[in-house]
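Source file: run.txt (compact mmCIF, C-alpha atoms and all ligand atoms)
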```
# COMPACT_ATOMS: atom_id res chain seq x y z
CA MET A 1 90.45 83.35 115.47
CA ALA A 2 89.41 86.55 117.22
CA LEU A 3 91.36 89.79 116.95
CA VAL A 4 94.77 89.44 118.58
CA THR A 5 97.29 91.82 120.13
CA SER A 6 100.65 92.26 118.46
CA THR A 7 102.68 90.71 121.31
CA GLU A 8 103.14 87.23 119.82
CA MET A 9 103.21 88.63 116.27
CA PHE A 10 106.13 90.95 117.05
CA LYS A 11 108.07 88.29 118.94
CA LYS A 12 107.91 85.99 115.92
CA ALA A 13 108.70 88.85 113.54
CA TYR A 14 111.71 89.94 115.61
CA ASP A 15 113.12 86.41 115.78
CA GLY A 16 112.23 85.64 112.17
CA GLY A 17 113.76 88.76 110.62
CA TYR A 18 110.60 90.11 109.03
CA ALA A 19 108.04 92.84 109.73
CA VAL A 20 104.26 92.93 109.86
CA GLY A 21 102.51 95.44 107.61
CA ALA A 22 100.27 97.98 109.32
CA PHE A 23 97.84 99.26 106.72
CA ASN A 24 95.42 102.13 107.25
CA VAL A 25 91.75 101.33 106.69
CA ASN A 26 89.01 103.80 105.83
CA ASN A 27 86.32 101.82 104.01
CA MET A 28 85.16 98.34 103.05
CA GLU A 29 87.17 98.02 99.83
CA ILE A 30 90.42 98.81 101.64
CA VAL A 31 89.72 96.31 104.44
CA GLN A 32 88.86 93.65 101.85
CA GLY A 33 91.86 94.31 99.61
CA ILE A 34 94.34 94.11 102.49
CA THR A 35 92.91 91.06 104.22
CA GLU A 36 92.38 89.08 101.01
CA ALA A 37 96.06 89.56 100.20
CA ALA A 38 97.16 88.61 103.72
CA ASP A 39 94.94 85.51 103.72
CA GLU A 40 96.19 84.27 100.34
CA LEU A 41 99.79 84.66 101.46
CA LYS A 42 99.15 83.37 105.01
CA SER A 43 100.52 86.56 106.52
CA PRO A 44 99.75 88.23 109.85
CA VAL A 45 98.40 91.75 109.37
CA ILE A 46 97.68 94.93 111.35
CA LEU A 47 94.67 97.02 110.32
CA GLN A 48 95.06 100.50 111.70
CA VAL A 49 92.58 103.30 112.13
CA SER A 50 93.59 106.94 112.46
CA LYS A 51 91.72 109.76 114.14
CA GLY A 52 90.88 110.98 110.63
CA ALA A 53 89.49 107.56 109.67
CA ARG A 54 87.24 107.57 112.74
CA ALA A 55 86.05 111.05 111.78
CA TYR A 56 85.38 109.89 108.20
CA ALA A 57 83.80 106.47 108.63
CA ASN A 58 82.99 106.42 112.38
CA HIS A 59 84.24 104.00 115.01
CA THR A 60 81.37 101.51 114.75
CA TYR A 61 81.54 101.09 110.98
CA LEU A 62 85.29 100.57 111.06
CA THR A 63 85.31 98.07 113.92
CA LYS A 64 82.44 96.12 112.33
CA LEU A 65 84.25 96.03 108.96
CA VAL A 66 87.32 94.65 110.71
CA GLU A 67 85.16 92.14 112.60
CA ALA A 68 83.80 91.01 109.24
CA ALA A 69 87.35 90.52 107.98
CA VAL A 70 88.16 88.40 111.05
CA ILE A 71 85.15 86.18 110.30
CA GLU A 72 85.99 85.92 106.59
CA HIS A 73 89.68 85.19 107.24
CA PRO A 74 89.81 82.98 110.35
CA ASP A 75 93.25 81.53 109.60
CA ILE A 76 95.34 84.68 109.88
CA PRO A 77 96.04 86.78 112.99
CA ILE A 78 94.63 90.31 112.67
CA VAL A 79 95.35 93.27 115.01
CA LEU A 80 93.06 96.31 115.21
CA HIS A 81 95.27 99.28 116.05
CA LEU A 82 94.72 102.99 116.69
CA ASP A 83 97.20 105.02 114.63
CA HIS A 84 98.44 108.29 116.18
CA GLY A 85 96.20 108.59 119.21
CA ASP A 86 96.96 112.06 120.52
CA THR A 87 95.02 112.10 123.81
CA PHE A 88 94.31 109.71 126.67
CA GLU A 89 90.57 110.00 125.92
CA LEU A 90 90.95 108.91 122.29
CA CYS A 91 93.08 105.92 123.31
CA LYS A 92 90.60 105.03 126.06
CA ASP A 93 87.69 105.19 123.59
CA CYS A 94 89.44 102.73 121.29
CA ILE A 95 90.57 100.43 124.12
CA ASP A 96 86.99 100.33 125.44
CA GLY A 97 85.68 100.02 121.88
CA GLY A 98 87.35 96.78 120.85
CA PHE A 99 90.82 97.74 119.60
CA THR A 100 93.60 95.34 120.59
CA SER A 101 96.41 97.88 120.21
CA VAL A 102 96.72 101.67 120.43
CA MET A 103 99.38 104.20 119.66
CA ILE A 104 99.80 107.19 121.91
CA ASP A 105 101.78 109.77 119.97
CA ALA A 106 103.04 112.36 122.43
CA SER A 107 106.25 112.81 120.44
CA SER A 108 105.63 116.52 119.95
CA LYS A 109 105.67 117.04 123.73
CA SER A 110 108.70 117.30 125.99
CA PHE A 111 110.46 114.06 127.00
CA GLU A 112 108.90 114.15 130.48
CA ASP A 113 105.39 114.97 129.20
CA ASN A 114 105.69 112.24 126.57
CA ILE A 115 106.59 109.75 129.32
CA ALA A 116 103.74 110.89 131.59
CA LEU A 117 101.01 110.63 128.92
CA THR A 118 102.36 107.38 127.49
CA LYS A 119 102.49 105.82 130.96
CA GLN A 120 98.89 106.89 131.65
CA VAL A 121 97.73 105.13 128.45
CA VAL A 122 99.89 102.05 129.12
CA ASP A 123 98.45 101.64 132.64
CA TYR A 124 94.88 101.80 131.32
CA ALA A 125 95.56 99.62 128.26
CA HIS A 126 97.49 96.85 130.00
CA ASP A 127 94.72 96.55 132.56
CA LYS A 128 92.40 95.65 129.67
CA GLY A 129 94.84 93.38 127.82
CA VAL A 130 95.59 95.95 125.12
CA VAL A 131 99.12 96.81 123.94
CA VAL A 132 100.60 100.28 123.38
CA GLU A 133 102.92 101.76 120.78
CA ALA A 134 104.67 105.03 121.68
CA GLU A 135 106.88 107.41 119.72
CA LEU A 136 110.18 109.17 120.31
CA GLY A 137 111.47 111.60 117.70
CA THR A 138 109.44 113.49 115.10
CA LEU A 139 108.72 112.56 111.49
CA ALA A 140 108.26 115.18 108.83
CA GLY A 141 105.23 115.20 106.56
CA ILE A 142 101.45 115.21 106.73
CA GLU A 143 99.27 112.36 107.93
CA ASP A 144 95.62 113.18 108.53
CA GLU A 145 95.76 115.64 111.39
CA VAL A 146 99.45 115.20 112.13
CA VAL A 147 101.37 117.95 110.36
CA VAL A 148 105.08 118.52 110.84
CA GLU A 149 106.79 121.12 108.69
CA ALA A 150 109.93 120.13 106.79
CA GLY A 151 112.91 121.15 108.89
CA LYS A 152 111.01 120.59 112.19
CA GLU A 153 111.53 116.83 112.13
CA ALA A 154 114.05 115.31 114.55
CA TYR A 155 115.73 111.92 114.56
CA THR A 156 115.17 109.78 117.64
CA ARG A 157 117.96 110.22 120.19
CA PRO A 158 119.14 106.66 120.94
CA GLU A 159 120.41 107.72 124.37
CA GLU A 160 116.77 108.33 125.41
CA VAL A 161 115.14 105.05 124.35
CA GLU A 162 115.99 102.83 127.34
CA GLU A 163 114.76 105.29 129.91
CA PHE A 164 111.63 106.00 127.86
CA VAL A 165 110.69 102.34 127.47
CA SER A 166 111.46 101.36 131.06
CA ARG A 167 109.57 104.30 132.58
CA THR A 168 106.50 104.01 130.33
CA GLY A 169 106.22 100.23 129.95
CA CYS A 170 105.21 100.65 126.30
CA ASP A 171 105.14 97.51 124.15
CA SER A 172 106.70 98.89 120.97
CA LEU A 173 108.40 102.11 119.95
CA ALA A 174 108.11 104.19 116.79
CA ILE A 175 111.36 105.93 115.99
CA ALA A 176 112.35 108.61 113.50
CA ILE A 177 115.21 107.57 111.20
CA GLY A 178 114.28 109.52 108.10
CA THR A 179 110.92 108.13 107.03
CA SER A 180 108.17 110.69 106.50
CA HIS A 181 104.38 110.85 106.24
CA GLY A 182 102.47 111.42 103.02
CA ALA A 183 103.16 111.19 99.28
CA TYR A 184 105.55 114.17 99.25
CA LYS A 185 108.08 112.93 101.73
CA PHE A 186 111.01 115.02 100.63
CA THR A 187 111.61 118.36 98.96
CA ALA A 188 113.65 118.46 95.77
CA ALA A 189 116.38 120.22 97.75
CA GLN A 190 116.75 117.19 100.05
CA CYS A 191 117.09 114.76 97.12
CA THR A 192 119.11 113.95 94.05
CA ARG A 193 117.47 112.93 90.75
CA ASN A 194 117.96 109.66 88.90
CA ALA A 195 118.32 109.27 85.13
CA ASP A 196 114.51 109.34 84.71
CA GLY A 197 114.28 112.61 86.59
CA VAL A 198 112.66 110.94 89.63
CA LEU A 199 113.71 112.24 93.06
CA VAL A 200 116.01 109.96 95.07
CA PRO A 201 115.58 110.62 98.81
CA PRO A 202 118.39 110.64 101.38
CA PRO A 203 118.98 107.12 102.79
CA LEU A 204 117.41 106.05 106.10
CA ARG A 205 119.64 106.51 109.15
CA PHE A 206 120.50 102.89 109.85
CA ASP A 207 123.15 104.07 112.31
CA VAL A 208 120.37 105.52 114.53
CA LEU A 209 118.35 102.31 114.18
CA GLU A 210 121.35 100.12 115.08
CA GLU A 211 122.08 102.26 118.11
CA CYS A 212 118.45 101.94 119.31
CA ILE A 213 118.56 98.16 118.80
CA LYS A 214 121.75 97.90 120.85
CA ARG A 215 120.07 99.71 123.73
CA LEU A 216 116.76 97.82 123.46
CA PRO A 217 117.68 94.24 122.60
CA GLY A 218 114.64 92.16 121.64
CA PHE A 219 112.31 95.15 121.67
CA PRO A 220 110.00 95.74 118.68
CA ILE A 221 110.64 98.92 116.69
CA VAL A 222 108.03 100.58 114.46
CA LEU A 223 108.51 102.64 111.30
CA HIS A 224 105.87 105.20 110.34
CA GLY A 225 105.66 107.03 107.03
CA SER A 226 106.95 104.01 105.13
CA SER A 227 105.06 104.09 101.87
CA SER A 228 107.30 103.79 98.85
CA VAL A 229 105.07 105.90 96.58
CA PRO A 230 105.46 103.48 93.63
CA GLN A 231 106.18 105.54 90.54
CA GLU A 232 103.84 103.35 88.44
CA PHE A 233 100.91 104.74 90.48
CA VAL A 234 102.20 108.32 90.37
CA LYS A 235 102.52 107.95 86.60
CA MET A 236 99.00 106.50 86.38
CA VAL A 237 97.58 109.41 88.39
CA ASN A 238 99.40 111.93 86.22
CA THR A 239 98.54 110.18 82.93
CA TYR A 240 94.82 110.26 83.67
CA GLY A 241 94.32 113.86 84.65
CA GLY A 242 96.06 114.05 88.03
CA ASN A 243 98.86 116.35 89.05
CA MET A 244 101.33 114.91 91.55
CA PRO A 245 104.75 116.22 90.62
CA ASP A 246 107.72 114.86 92.55
CA ALA A 247 105.74 112.49 94.75
CA VAL A 248 108.37 110.17 96.22
CA GLY A 249 108.67 107.60 99.02
CA ILE A 250 111.04 105.31 100.90
CA PRO A 251 112.87 102.84 98.65
CA GLU A 252 111.57 99.32 99.25
CA GLU A 253 115.01 97.74 99.59
CA GLN A 254 115.75 99.98 102.59
CA LEU A 255 112.50 98.92 104.25
CA ARG A 256 113.35 95.26 103.55
CA GLN A 257 116.67 95.80 105.28
CA ALA A 258 114.96 97.42 108.30
CA ALA A 259 112.47 94.52 108.46
CA LYS A 260 115.35 92.07 108.79
CA LEU A 261 116.53 94.00 111.86
CA ALA A 262 114.38 94.93 114.89
CA VAL A 263 111.67 96.70 112.89
CA CYS A 264 108.56 94.57 113.45
CA LYS A 265 105.84 96.94 112.18
CA ILE A 266 105.95 99.00 109.00
CA ASN A 267 103.16 101.53 108.38
CA ILE A 268 101.78 101.91 104.88
CA ASP A 269 98.97 104.32 104.01
CA SER A 270 99.85 106.57 101.05
CA ASP A 271 100.52 103.58 98.77
CA ILE A 272 96.93 102.39 99.34
CA ARG A 273 95.61 105.84 98.44
CA LEU A 274 97.77 106.00 95.32
CA ALA A 275 96.86 102.50 94.15
CA MET A 276 93.15 103.27 94.43
CA THR A 277 93.26 106.77 92.98
CA GLY A 278 95.48 105.83 90.04
CA ASN A 279 93.21 102.94 89.11
CA ILE A 280 89.98 104.91 89.56
CA ARG A 281 91.33 107.74 87.40
CA LYS A 282 92.31 105.21 84.74
CA TYR A 283 88.92 103.55 84.92
CA PHE A 284 87.06 106.83 84.51
CA ALA A 285 89.24 107.83 81.57
CA GLU A 286 88.65 104.50 79.82
CA HIS A 287 84.94 104.21 80.67
CA PRO A 288 83.51 107.72 80.58
CA ASP A 289 79.95 106.35 80.36
CA HIS A 290 80.12 104.18 83.50
CA PHE A 291 78.57 105.46 86.70
CA ASP A 292 78.08 102.42 88.97
CA PRO A 293 80.52 102.77 91.92
CA ARG A 294 80.95 98.99 91.95
CA GLN A 295 82.48 99.21 88.49
CA TYR A 296 85.36 101.45 89.49
CA LEU A 297 85.73 100.35 93.12
CA LYS A 298 86.31 96.77 91.99
CA PRO A 299 89.61 97.49 90.18
CA ALA A 300 90.52 99.88 93.01
CA ARG A 301 90.08 97.08 95.56
CA GLN A 302 92.05 94.70 93.34
CA ALA A 303 94.85 97.28 93.12
CA VAL A 304 95.00 97.48 96.93
CA LYS A 305 95.18 93.69 97.10
CA ASP A 306 97.96 93.48 94.49
CA MET A 307 99.95 96.25 96.17
CA VAL A 308 99.64 94.65 99.62
CA SER A 309 100.63 91.23 98.19
CA HIS A 310 103.73 92.79 96.73
CA LYS A 311 104.62 94.40 100.09
CA ILE A 312 104.09 91.17 102.02
CA LYS A 313 106.31 89.15 99.66
CA ASN A 314 109.00 91.64 98.70
CA VAL A 315 109.21 94.24 101.46
CA LEU A 316 107.88 92.84 104.75
CA GLY A 317 108.81 89.16 104.28
CA SER A 318 105.74 88.10 106.31
CA ASP A 319 104.31 85.59 103.82
CA GLY A 320 103.77 82.14 105.32
CA LYS A 321 104.17 83.50 108.88
CA ALA A 322 100.50 83.48 109.93
ZN ZN A 401 102.40 107.70 111.35
```

Represent the structure from my file as structure tokens, please.
Amino acid sequence: MALVTSTEMFKKAYDGGYAVGAFNVNNMEIVQGITEAADELKSPVILQVSKGARAYANHTYLTKLVEAAVIEHPDIPIVLHLDHGDTFELCKDCIDGGFTSVMIDASSKSFEDNIALTKQVVDYAHDKGVVVEAELGTLAGIEDEVVVEAGKEAYTRPEEVEEFVSRTGCDSLAIAIGTSHGAYKFTAAQCTRNADGVLVPPPLRFDVLEECIKRLPGFPIVLHGSSSVPQEFVKMVNTYGGNMPDAVGIPEEQLRQAAKLAVCKINIDSDIRLAMTGNIRKYFAEHPDHFDPRQYLKPARQAVKDMVSHKIKNVLGSDGKA
């Protein structure tokens, strides 16, 4: 099948009590690892491209890599989505350039300005059969060019969501309930420590989520910054010469719980980076004489595939839903 929008995907996910994984893609190995996992498990999947990814790999390379994945995996629905579009022009470029879904993130603007810019993108996108994700509330953390200082984040105000969705016509809404971008999602001061000395972050605000669901029945909710920063990868990075103290993410059981509710799209980026980097560091340490990129990118790609398979089965619940 050709690339699809997320409309049907989200409807089935909402009704079925699962979420679709939205994984960030930056090169061939990442695209292959994600889509091989999704195909084997017969799962729908969203491949998303950030502004930083377009700057790194360029629009044409990324869209052609995704097109290749669609040809190689014809039995699963695949969405090509722009992650964190910050201007109308960027969204327009992607809509005109083959994406089936875009995010306009005007969450740092005032409520009225957020509505105005989101509506402008929605009008253009819908005209071309493309769907739009918008955002209300601000996540902490760092994601490519999106930087929000700790303490400047703000939970979504549930009393604003109905008006925002009805005035903009957006197709899905990213909300802030305590997830955060990057591999250092929380400061030690925000957390407790478990018996192994690993930081335990504050729980997600399910009360805010429930309140949003009540006000937007049937409407797909999106969670950004939802990597779990698996400690096995952090340990691997640190064992083989890296230095990532106190890297911590969102516990998987909380994401599973959110996926059973109205959360239809869960964004995962840092876990891909960690899986690749941990395995490449390990490979270099164990094979200091190797220098063929295929030698170390092969286990890195396999690590992406294994990580994504785990997410599909144990966190998203989207296996067998293609
Ligand atoms: Zn994000």

Exercise for review: Extract, using all atoms listed in the file, all DNA, RNA and protein residues at most 10 Å from Gln190 of chain A, discarding same-chain residues fewer than 2 positions from it, and format them as a list in words.
Suggested key: Lys185, Phe186, Thr187, Ala188, Thr192, Leu199, Val200, Pro201 and Pro202 of chain A

Exercise for review: Output the neighbourhood of ligand ZN 401 (chain A) as a PyMOL selection string, that is, all protein and nucleic acid residues with some atom at most 10 Å from the ligand, counting only C-alpha atoms and all ligand atoms.
Suggested key: chain A and resi 24+50+83-84+103+105+135+138-144+146+174+179-182+222-226+266-269

Please save C-alpha atoms of the selected residues as a PDB file, in the frame of the given file.
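Output below, filename again14.pdb:
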```pdb
ATOM      1  CA  ASN A  24      95.420 102.130 107.250  1.00  0.00           C
ATOM      2  CA  SER A  50      93.590 106.940 112.460  1.00  0.00           C
ATOM      3  CA  ASP A  83      97.200 105.020 114.630  1.00  0.00           C
ATOM      4  CA  HIS A  84      98.440 108.290 116.180  1.00  0.00           C
ATOM      5  CA  MET A 103      99.380 104.200 119.660  1.00  0.00           C
ATOM      6  CA  ASP A 105     101.780 109.770 119.970  1.00  0.00           C
ATOM      7  CA  GLU A 135     106.880 107.410 119.720  1.00  0.00           C
ATOM      8  CA  THR A 138     109.440 113.490 115.100  1.00  0.00           C
ATOM      9  CA  LEU A 139     108.720 112.560 111.490  1.00  0.00           C
ATOM     10  CA  ALA A 140     108.260 115.180 108.830  1.00  0.00           C
ATOM     11  CA  GLY A 141     105.230 115.200 106.560  1.00  0.00           C
ATOM     12  CA  ILE A 142     101.450 115.210 106.730  1.00  0.00           C
ATOM     13  CA  GLU A 143      99.270 112.360 107.930  1.00  0.00           C
ATOM     14  CA  ASP A 144      95.620 113.180 108.530  1.00  0.00           C
ATOM     15  CA  VAL A 146      99.450 115.200 112.130  1.00  0.00           C
ATOM     16  CA  ALA A 174     108.110 104.190 116.790  1.00  0.00           C
ATOM     17  CA  THR A 179     110.920 108.130 107.030  1.00  0.00           C
ATOM     18  CA  SER A 180     108.170 110.690 106.500  1.00  0.00           C
ATOM     19  CA  HIS A 181     104.380 110.850 106.240  1.00  0.00           C
ATOM     20  CA  GLY A 182     102.470 111.420 103.020  1.00  0.00           C
ATOM     21  CA  VAL A 222     108.030 100.580 114.460  1.00  0.00           C
ATOM     22  CA  LEU A 223     108.510 102.640 111.300  1.00  0.00           C
ATOM     23  CA  HIS A 224     105.870 105.200 110.340  1.00  0.00           C
ATOM     24  CA  GLY A 225     105.660 107.030 107.030  1.00  0.00           C
ATOM     25  CA  SER A 226     106.950 104.010 105.130  1.00  0.00           C
ATOM     26  CA  ILE A 266     105.950  99.000 109.000  1.00  0.00           C
ATOM     27  CA  ASN A 267     103.160 101.530 108.380  1.00  0.00           C
ATOM     28  CA  ILE A 268     101.780 101.910 104.880  1.00  0.00           C
ATOM     29  CA  ASP A 269      98.970 104.320 104.010  1.00  0.00           C
TER      30      ASP A 269
END
```

Exercise for review: Have a look at atom CA of Ala300 of chain A and atom CA of Gly33 of chain A and let me know their distance in Å, one decimal.
Suggested key: 8.7 Å

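Residue nearest Ala176 of chain A, chosen from A:Ala134, A:Val198, A:Leu65, A:Leu47 and counting all atoms listed in the file: A:Ala134.
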
Review point. Smallest atom-to-atom distance to Pro220 of chain A: which of A:Lys260, A:Lys313, A:Arg301, A:Arg273, using only C-alpha atoms?
Key: A:Lys260

Review point. Within 9 Å of segment 317-320 of chain A, counting only C-alpha atoms, which residues qualify if same-chain residues fewer than 4 places away don't, as an MDAnalysis selection string?
Key: chainID A and resid 13 17:21 38 40:45 256 259:260 309 311:313

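Taking atom CA of Asp246 of chain A and atom CA of Glu286 of chain A as endpoints, the distance between them is 25.2 Å.
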